[in-house]
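Structure below is coords33.txt: compact mmCIF, C-alpha atoms and all ligand atoms.
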```txt
# COMPACT_ATOMS: atom_id res chain seq x y z
CA MET A 182 78.98 146.87 76.20
CA ASP A 183 80.60 143.47 76.14
CA GLU A 184 78.03 142.19 73.69
CA LYS A 185 79.00 139.19 71.59
CA ARG A 186 79.59 140.18 67.98
CA TRP A 187 77.62 137.92 65.67
CA ILE A 188 78.03 137.42 61.96
CA ASP A 189 74.32 137.69 61.37
CA LEU A 190 73.28 135.84 58.21
CA ARG A 191 69.70 135.05 59.29
CA SER A 192 68.13 137.47 56.83
CA ASP A 193 68.69 140.73 55.00
CA THR A 194 65.89 142.17 57.15
CA VAL A 195 68.55 142.72 59.85
CA THR A 196 70.01 145.67 57.93
CA VAL A 197 69.90 148.97 59.83
CA PRO A 198 69.42 152.36 58.16
CA SER A 199 72.48 154.55 57.79
CA ARG A 200 72.75 158.00 59.34
CA GLU A 201 72.48 159.66 55.91
CA MET A 202 69.30 157.70 55.28
CA LEU A 203 67.77 158.66 58.61
CA LEU A 204 68.60 162.33 58.11
CA THR A 205 66.23 162.40 55.13
CA VAL A 206 63.35 162.03 57.59
CA LEU A 207 64.06 165.46 59.12
CA GLU A 208 63.76 167.21 55.78
CA ALA A 209 60.79 165.21 54.48
CA GLN A 210 57.62 167.04 53.57
CA LEU A 211 54.85 165.34 55.57
CA GLY A 212 51.06 165.25 55.46
CA ASP A 213 48.12 162.87 55.78
CA ASP A 214 48.52 160.23 53.10
CA GLY A 215 45.03 158.93 53.94
CA ARG A 216 43.45 162.15 52.60
CA ARG A 217 43.46 161.81 48.82
CA ILE A 218 43.58 164.75 46.45
CA THR A 219 43.42 162.52 43.35
CA PRO A 220 43.52 158.69 43.32
CA GLU A 221 47.31 158.87 42.85
CA THR A 222 48.00 161.86 45.08
CA GLY A 223 47.63 161.82 48.83
CA GLY A 224 48.37 164.53 51.35
CA ASP A 225 51.95 163.41 52.02
CA GLY A 226 54.28 164.75 49.33
CA THR A 227 57.10 162.36 50.23
CA VAL A 228 54.88 159.30 49.88
CA ASN A 229 53.68 160.64 46.51
CA GLU A 230 57.29 161.03 45.42
CA LEU A 231 58.24 157.49 46.49
CA GLU A 232 55.20 155.97 44.80
CA ALA A 233 55.94 157.84 41.57
CA LEU A 234 59.59 156.72 41.72
CA ALA A 235 58.61 153.06 42.32
CA ALA A 236 56.15 153.17 39.42
CA ARG A 237 58.82 154.63 37.13
CA ILE A 238 61.49 152.08 38.13
CA THR A 239 59.17 149.10 37.64
CA GLY A 240 57.65 150.52 34.45
CA LYS A 241 54.12 150.55 35.89
CA GLU A 242 51.49 153.29 35.89
CA ALA A 243 51.19 153.55 39.66
CA ALA A 244 52.48 152.26 42.99
CA ILE A 245 51.30 152.09 46.59
CA LEU A 246 53.36 152.17 49.79
CA PHE A 247 52.53 149.40 52.26
CA PRO A 248 53.81 148.82 55.79
CA SER A 249 55.01 145.29 54.89
CA GLY A 250 55.55 142.91 52.02
CA THR A 251 53.08 140.51 53.56
CA MET A 252 50.31 143.09 53.49
CA ALA A 253 51.21 144.17 49.95
CA ASN A 254 51.11 140.57 48.70
CA THR A 255 47.83 139.95 50.51
CA ALA A 256 46.27 143.11 49.06
CA ALA A 257 47.44 142.08 45.58
CA LEU A 258 46.00 138.57 45.92
CA LEU A 259 42.67 139.88 47.21
CA THR A 260 42.48 142.58 44.55
CA TRP A 261 42.91 140.05 41.75
CA ALA A 262 40.92 137.21 43.32
CA LYS A 263 38.25 136.61 45.94
CA ALA A 264 37.45 133.86 48.44
CA GLY A 265 36.85 130.56 46.66
CA ASP A 266 38.97 131.50 43.63
CA THR A 267 41.90 129.33 42.61
CA VAL A 268 45.41 130.82 42.51
CA LEU A 269 48.44 129.24 40.85
CA VAL A 270 51.51 129.14 43.12
CA ASP A 271 54.51 126.92 43.78
CA ARG A 272 54.78 124.94 47.00
CA LEU A 273 57.85 126.80 48.28
CA MET A 274 56.47 130.25 47.62
CA HIS A 275 56.73 132.71 50.50
CA LEU A 276 53.21 134.09 50.08
CA TYR A 277 51.76 130.58 50.19
CA LEU A 278 54.07 128.81 52.64
CA ARG A 279 54.98 131.57 55.11
CA GLU A 280 52.46 134.37 54.85
CA LYS A 281 49.45 132.16 54.16
CA THR A 282 47.03 135.09 54.74
CA GLY A 283 45.42 134.86 51.31
CA PHE A 284 44.98 131.11 51.63
CA VAL A 285 43.73 130.76 55.20
CA PRO A 286 40.02 129.81 54.97
CA ALA A 287 39.05 132.33 57.65
CA LEU A 288 41.02 135.15 55.99
CA GLY A 289 41.57 135.27 52.23
CA GLY A 290 39.87 131.96 51.45
CA LEU A 291 41.82 131.47 48.20
CA LEU A 292 42.47 127.95 46.94
CA PRO A 293 46.00 127.06 45.82
CA VAL A 294 46.85 125.01 42.77
CA PHE A 295 50.51 124.20 42.23
CA TYR A 296 53.17 124.31 39.58
CA ASP A 297 56.56 122.62 40.01
CA LEU A 298 59.90 124.36 39.98
CA ALA A 299 62.60 123.33 37.54
CA ALA A 300 66.12 122.70 38.85
CA ASN A 301 67.08 126.37 38.32
CA GLY A 302 64.14 127.60 40.42
CA SER A 303 62.12 128.77 37.42
CA PRO A 304 58.58 127.50 36.87
CA ASP A 305 58.46 124.13 35.13
CA MET A 306 56.47 125.24 32.08
CA GLU A 307 54.88 121.82 31.46
CA SER A 308 53.46 121.77 34.97
CA VAL A 309 52.23 125.36 34.56
CA LYS A 310 50.43 124.32 31.38
CA ASN A 311 48.92 121.28 33.09
CA ALA A 312 47.74 123.23 36.11
CA LEU A 313 46.16 125.88 33.89
CA THR A 314 44.22 123.32 31.86
CA ALA A 315 43.16 121.22 34.86
CA ALA A 316 41.65 123.98 36.96
CA SER A 317 39.86 127.25 36.46
CA VAL A 318 42.59 129.57 37.71
CA ARG A 319 42.00 133.25 38.51
CA LEU A 320 45.57 134.46 39.12
CA ALA A 321 49.15 133.17 38.82
CA CYS A 322 52.04 134.09 41.12
CA ILE A 323 55.78 134.04 40.66
CA GLU A 324 58.54 134.93 43.15
CA THR A 325 61.80 136.59 42.16
CA THR A 326 64.34 136.21 43.58
CA HIS A 327 62.93 132.89 44.74
CA ASN A 328 63.77 132.71 48.43
CA PHE A 329 63.43 129.05 49.43
CA SER A 330 64.92 127.65 46.24
CA GLY A 331 68.16 129.49 47.04
CA GLY A 332 67.60 133.01 45.71
CA SER A 333 67.12 131.91 42.12
CA CYS A 334 66.48 134.58 39.48
CA GLN A 335 64.31 133.62 36.53
CA PRO A 336 65.85 135.04 33.35
CA PRO A 337 63.53 137.37 31.38
CA ASP A 338 62.89 134.81 28.63
CA GLU A 339 61.52 132.35 31.19
CA LEU A 340 59.41 135.06 32.82
CA ALA A 341 58.12 135.80 29.33
CA GLN A 342 57.16 132.15 28.80
CA PHE A 343 55.32 132.08 32.13
CA LYS A 344 53.48 135.31 31.29
CA GLU A 345 52.63 134.00 27.84
CA LEU A 346 51.06 130.81 29.26
CA CYS A 347 49.05 132.82 31.80
CA GLY A 348 48.03 135.34 29.15
CA ARG A 349 46.72 132.52 26.98
CA ALA A 350 44.64 131.34 29.96
CA GLY A 351 43.38 134.93 30.36
CA ILE A 352 44.76 135.44 33.88
CA PRO A 353 47.04 138.11 35.39
CA VAL A 354 50.44 137.46 36.99
CA HIS A 355 51.44 138.79 40.41
CA MET A 356 55.16 138.92 41.13
CA ASP A 357 56.47 138.69 44.69
CA GLY A 358 59.66 140.64 44.06
CA ALA A 359 60.63 141.11 47.72
CA ARG A 360 64.26 140.99 46.51
CA LEU A 361 63.61 142.33 43.02
CA PHE A 362 66.79 144.43 43.02
CA ASN A 363 68.97 141.47 43.92
CA ALA A 364 67.59 139.90 40.74
CA VAL A 365 68.27 143.15 38.85
CA CYS A 366 71.93 143.03 39.96
CA SER A 367 72.29 139.32 39.26
CA LEU A 368 70.72 139.38 35.79
CA GLU A 369 72.21 142.80 34.94
CA VAL A 370 68.94 144.06 33.51
CA GLU A 371 66.70 146.99 34.39
CA ALA A 372 63.91 146.30 36.91
CA GLU A 373 61.45 147.18 34.19
CA GLU A 374 62.76 144.29 32.09
CA ILE A 375 61.74 141.85 34.85
CA CYS A 376 58.51 143.58 35.85
CA ARG A 377 57.07 143.77 32.33
CA TYR A 378 56.15 140.09 32.65
CA ALA A 379 53.91 140.71 35.64
CA ASP A 380 50.69 142.71 36.03
CA SER A 381 51.47 143.56 39.64
CA VAL A 382 54.81 143.57 41.45
CA MET A 383 55.67 143.84 45.13
CA PHE A 384 59.17 144.75 46.34
CA CYS A 385 60.58 145.38 49.83
CA LEU A 386 62.51 148.44 51.02
CA SER A 387 63.35 146.90 54.37
CA LYS A 388 65.56 144.02 53.24
CA GLY A 389 68.82 144.47 51.34
CA LEU A 390 67.91 148.06 50.46
CA GLY A 391 68.30 148.87 54.15
CA ALA A 392 65.27 151.10 54.77
CA PRO A 393 63.51 150.79 58.13
CA VAL A 394 59.99 149.91 56.94
CA GLY A 395 57.91 149.46 53.83
CA SER A 396 57.09 147.67 50.60
CA LEU A 397 55.72 148.92 47.30
CA LEU A 398 52.97 147.36 45.24
CA CYS A 399 53.09 148.46 41.60
CA GLY A 400 50.69 147.98 38.72
CA SER A 401 48.19 149.66 36.42
CA ARG A 402 46.28 152.74 37.58
CA ASP A 403 43.07 150.73 37.78
CA PHE A 404 44.68 147.88 39.73
CA CYS A 405 46.29 150.33 42.18
CA ARG A 406 43.02 152.17 42.74
CA ARG A 407 41.43 148.88 43.84
CA ALA A 408 44.50 147.69 45.77
CA ARG A 409 44.51 151.00 47.67
CA GLU A 410 40.97 150.26 48.86
CA MET A 411 42.16 146.84 49.94
CA ARG A 412 45.09 148.42 51.81
CA LYS A 413 42.63 150.58 53.72
CA ALA A 414 40.46 147.56 54.56
CA LEU A 415 43.53 145.72 55.86
CA GLY A 416 44.49 148.65 58.07
CA GLY A 417 47.48 149.64 55.97
CA ALA A 418 46.57 153.25 55.20
CA MET A 419 49.20 155.28 57.03
CA ARG A 420 49.03 158.96 57.86
CA LYS A 421 52.35 160.87 58.00
CA ALA A 422 54.03 158.02 56.15
CA GLY A 423 56.64 160.34 54.68
CA VAL A 424 58.82 159.31 57.64
CA ILE A 425 58.89 155.85 56.03
CA ALA A 426 58.91 157.05 52.44
CA ALA A 427 61.92 159.38 52.76
CA PRO A 428 64.37 156.60 53.73
CA GLY A 429 62.74 154.49 51.01
CA ILE A 430 63.53 157.11 48.36
CA TYR A 431 67.10 157.28 49.67
CA ALA A 432 67.35 153.47 49.49
CA LEU A 433 66.20 153.32 45.87
CA LYS A 434 68.55 156.13 44.85
CA HIS A 435 71.67 154.92 46.68
CA ASN A 436 71.51 151.31 47.79
CA VAL A 437 70.80 149.26 44.68
CA PRO A 438 74.45 148.90 43.54
CA GLY A 439 75.40 147.53 46.98
CA LEU A 440 73.18 144.51 46.38
CA LYS A 441 75.60 143.38 43.71
CA GLU A 442 78.23 143.00 46.39
CA ASP A 443 75.82 141.06 48.63
CA ASN A 444 75.29 138.68 45.71
CA GLU A 445 79.06 138.37 45.18
CA LYS A 446 79.68 137.54 48.84
CA ALA A 447 77.11 134.73 48.77
CA ARG A 448 78.75 133.42 45.60
CA TYR A 449 82.22 133.60 47.18
CA VAL A 450 81.10 131.50 50.17
CA ALA A 451 79.26 129.06 47.90
CA GLU A 452 82.53 128.43 46.01
CA ARG A 453 84.25 127.61 49.31
CA LEU A 454 81.47 125.28 50.43
CA ARG A 455 81.51 123.17 47.27
CA LYS A 456 83.92 120.81 49.03
CA LEU A 457 81.10 119.92 51.46
CA GLU A 458 79.05 118.79 48.48
CA LYS A 459 78.52 115.19 49.67
CA ALA A 460 77.24 115.88 53.19
CA PHE A 461 75.84 119.37 52.66
CA PRO A 462 74.96 120.10 49.04
CA ILE A 463 74.12 123.66 48.05
CA ARG A 464 70.54 124.32 46.88
CA GLY A 465 70.58 125.88 43.41
CA SER A 466 73.37 127.90 41.82
CA VAL A 467 73.44 130.87 44.27
CA PRO A 468 72.79 133.63 41.73
CA SER A 469 71.87 136.23 44.40
CA ASN A 470 72.42 136.93 48.09
CA ILE A 471 70.90 133.71 49.47
CA LEU A 472 72.85 130.52 50.10
CA ILE A 473 71.04 127.38 51.32
CA LEU A 474 72.86 124.27 52.51
CA GLU A 475 70.86 121.06 52.32
CA THR A 476 71.14 118.81 55.36
CA ALA A 477 70.23 115.14 55.81
CA GLY A 478 67.35 115.89 58.17
CA GLU A 479 66.00 117.84 61.10
CA GLU A 480 68.61 116.60 63.55
CA THR A 481 71.62 117.37 61.36
CA CYS A 482 70.15 120.73 60.45
CA ARG A 483 69.73 121.67 64.10
CA ALA A 484 73.20 120.38 65.00
CA LEU A 485 74.91 122.40 62.27
CA MET A 486 72.96 125.50 63.24
CA GLU A 487 74.06 125.05 66.87
CA ALA A 488 77.69 124.42 65.85
CA LEU A 489 77.60 127.66 63.86
CA LYS A 490 76.04 129.64 66.70
CA VAL A 491 78.88 128.54 68.99
CA ARG A 492 81.25 129.98 66.38
CA GLY A 493 79.39 133.29 66.24
CA ILE A 494 77.39 132.72 63.06
CA LEU A 495 73.63 133.11 62.95
CA CYS A 496 71.59 131.51 60.18
CA ASN A 497 68.03 130.34 59.64
CA LYS A 498 66.28 127.03 59.03
CA VAL A 499 64.16 126.92 55.89
CA PRO A 500 61.70 124.31 54.53
CA GLY A 501 63.23 121.02 53.40
CA HIS A 502 65.88 120.88 56.18
CA GLY A 503 67.86 123.70 54.60
CA LEU A 504 70.10 126.14 56.44
CA ARG A 505 69.87 129.59 54.91
CA PHE A 506 72.57 132.27 54.92
CA VAL A 507 71.64 135.71 53.59
CA TRP A 508 74.13 138.46 52.76
CA HIS A 509 73.43 142.15 53.35
CA ASN A 510 75.32 145.40 53.97
CA GLY A 511 75.95 144.48 57.61
CA VAL A 512 78.38 141.72 56.61
CA ASN A 513 81.71 142.90 55.20
CA TRP A 514 84.29 140.93 53.23
CA GLU A 515 86.34 140.09 56.30
CA ASP A 516 83.33 138.52 58.05
CA THR A 517 82.37 136.82 54.82
CA ARG A 518 85.76 135.11 54.50
CA LEU A 519 85.63 134.17 58.17
CA ALA A 520 82.10 132.81 57.79
CA ALA A 521 83.19 130.59 54.90
CA GLU A 522 86.00 129.11 57.01
CA LEU A 523 83.81 128.60 60.07
CA ILE A 524 80.99 126.97 58.10
CA VAL A 525 83.47 124.50 56.58
CA GLN A 526 84.91 123.83 60.02
CA ALA A 527 81.52 123.34 61.72
CA ALA A 528 80.21 121.17 58.89
CA GLY A 529 83.34 119.00 59.14
CA ARG A 530 82.70 118.42 62.84
CA ILE A 531 79.07 117.46 62.27
CA LYS A 532 80.04 115.10 59.48
CA ALA A 533 82.87 113.57 61.51
CA CYS A 534 80.50 112.60 64.29
CA GLY A 535 77.96 111.15 61.90
CA GLY A 536 75.58 114.07 61.92
CA GLY A 537 73.07 115.04 64.52
CA GLU A 538 75.46 115.02 67.46
CA ALA A 539 74.66 118.38 68.95
CA ASN A 540 77.40 117.80 71.52
CA GLY A 541 79.91 117.07 68.77
CA ILE A 542 80.56 120.77 68.27
C1 LIG A 601 60.32 138.97 53.28
C2 LIG A 601 59.50 138.45 52.18
C3 LIG A 601 58.17 138.84 52.04
C4 LIG A 601 57.41 139.65 53.06
O1 LIG A 601 57.92 140.85 53.45
P1 LIG A 601 57.63 141.44 54.91
O2 LIG A 601 57.92 142.88 54.73
O3 LIG A 601 58.59 140.75 55.84
O4 LIG A 601 56.22 141.17 55.27
C5 LIG A 601 57.49 138.39 50.93
N1 LIG A 601 58.06 137.57 50.04
C6 LIG A 601 59.33 137.16 50.15
C7 LIG A 601 59.91 136.27 49.11
C8 LIG A 601 60.09 137.56 51.23
O5 LIG A 601 61.35 137.12 51.37
```
Since I need it in another form, could you write the structure as structure tokens?
Ligand SMILES: *Cc1c(COP(=O)(O)O)cnc(C)c1O
Amino acid sequence: MDEKRWIDLRSDTVTVPSREMLLTVLEAQLGDDGRRITPETGGDGTVNELEALAARITGKEAAILFPSGTMANTAALLTWAKAGDTVLVDRLMHLYLREKTGFVPALGGLLPVFYDLAANGSPDMESVKNALTAASVRLACIETTHNFSGGSCQPPDELAQFKELCGRAGIPVHMDGARLFNAVCSLEVEAEEICRYADSVMFCLSKGLGAPVGSLLCGSRDFCRRAREMRKALGGAMRKAGVIAAPGIYALKHNVPGLKEDNEKARYVAERLRKLEKAFPIRGSVPSNILILETAGEETCRALMEALKVRGILCNKVPGHGLRFVWHNGVNWEDTRLAAELIVQAAGRIKACGGGEANGI
């Protein structure tokens, strides 16, 4: 029982479901979701309810429950495009950089073409235009909040510009909205206001929303009918999935406002870390629950991570020698204030010994 107590800022996937959330499983109406009554209605009433709720919140005609965001993104990519097709992404995008599935030659076989990100993490519209004229593109992707650029949230007018450029090229937009509701809280708009600029949207239940498992893919009825086939092919059709859906419904009904506080905590710490600006600049403006510190290189990054671990703080390395801290409902204000102090302290030690001295902690 003498377990060390960590301040765990590695990811918002470390959230654990509350008792109230788990109790919903006992009351959930269950059935075989794989047996369809109509294209939108399976045999599990709770899954049907979650899918209808997700469709309503995102302003789409239909939605599909997936076991993971990775599978939902992959199904979306492979519903819109097929092996050999070109897909517009940015180089830091999770579905390109981390998941890869759609782009691995032996799996999805899609070919990436890239747009640049502007300083605020939004697509650089000139580079989008150039990419769309240079190549015959089948699908465009956008990520919001944008994880590896520091949780940036594209404002609706920029999403509209992106959609407009893609519309002119005659191609659909898929949105990786793993943390869609962190963007909703940051921008203070309805989810629908963000999702209207995408033809398909994925969001996760198992991150800040605190549900145990699951992601939703939302879009038109026709798109969802095809994506559901793809889910089956990928092995994602689940039977009594109401046990996943019930906590998901609870999460959507109760846990969205809490994300605002996660965003505020990240912002609070960012304010305190501004004084490290020279040695460890902050990536982006920290509009949501993700804070990334830039480090001079691999060695410094590792050293700072080690120095933080010694002080009881867990974080994660991200592309470009960044250290990522993610807020979630498992980190209260007291731990947040402590984390800010300890990060400043650890960073000071690393800087004082010239960086990279793992034994300088
Ligand atoms: C976590 C994440 C995913 C994938 O979700 P999983 O459920 O972990 O597969 C996709 N995109 C982004 C931006 C993410 O952060």
Need to verify the contact set: Val354 (chain A), 8 Å, all atoms listed in the file, exclusion of same-chain residues closer than 2 positions in sequence. Can you return it as a compact mmCIF listing (two decimals) with C-alpha atoms, in the frame of the given file?
```txt
# COMPACT_ATOMS: atom_id res chain seq x y z
CA LEU A 320 45.57 134.46 39.12
CA ALA A 321 49.15 133.17 38.82
CA CYS A 322 52.04 134.09 41.12
CA ILE A 323 55.78 134.04 40.66
CA LYS A 344 53.48 135.31 31.29
CA CYS A 347 49.05 132.82 31.80
CA ILE A 352 44.76 135.44 33.88
CA MET A 356 55.16 138.92 41.13
CA TYR A 378 56.15 140.09 32.65
CA ALA A 379 53.91 140.71 35.64
CA ASP A 380 50.69 142.71 36.03
CA SER A 381 51.47 143.56 39.64
```
Problem - Length of the CA of Ile524 (chain A) to atom C4 of ligand LIG 601 (chain A) vector [Å] - result: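 Going from CA of Ile524 (chain A) over to atom C4 of ligand LIG 601 (chain A), I get 27.2 Å.
With distances taken over all atoms listed in the file, A:Thr267 is the one residue among A:Asn513, A:Ser401, A:Thr222, A:Thr267 lying closest to Ala312 (chain A).
Residue nearest ligand LIG 601 (chain A), chosen from A:Leu259, A:Ala372, A:Ala484, A:Ile471 and counting all atoms listed in the file: A:Ile471.
Nearest residue to Gly423 (chain A) among A:Leu495, A:Leu346, A:Val394, A:Leu190 is A:Val394, counting only C-alpha atoms.
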Problem - Selection within 6 Å of ligand LIG 601 (chain A) by only C-alpha atoms and all ligand atoms, output as an MDAnalysis selection string - result: chainID A and resid 249:251 275:276 328 357 359
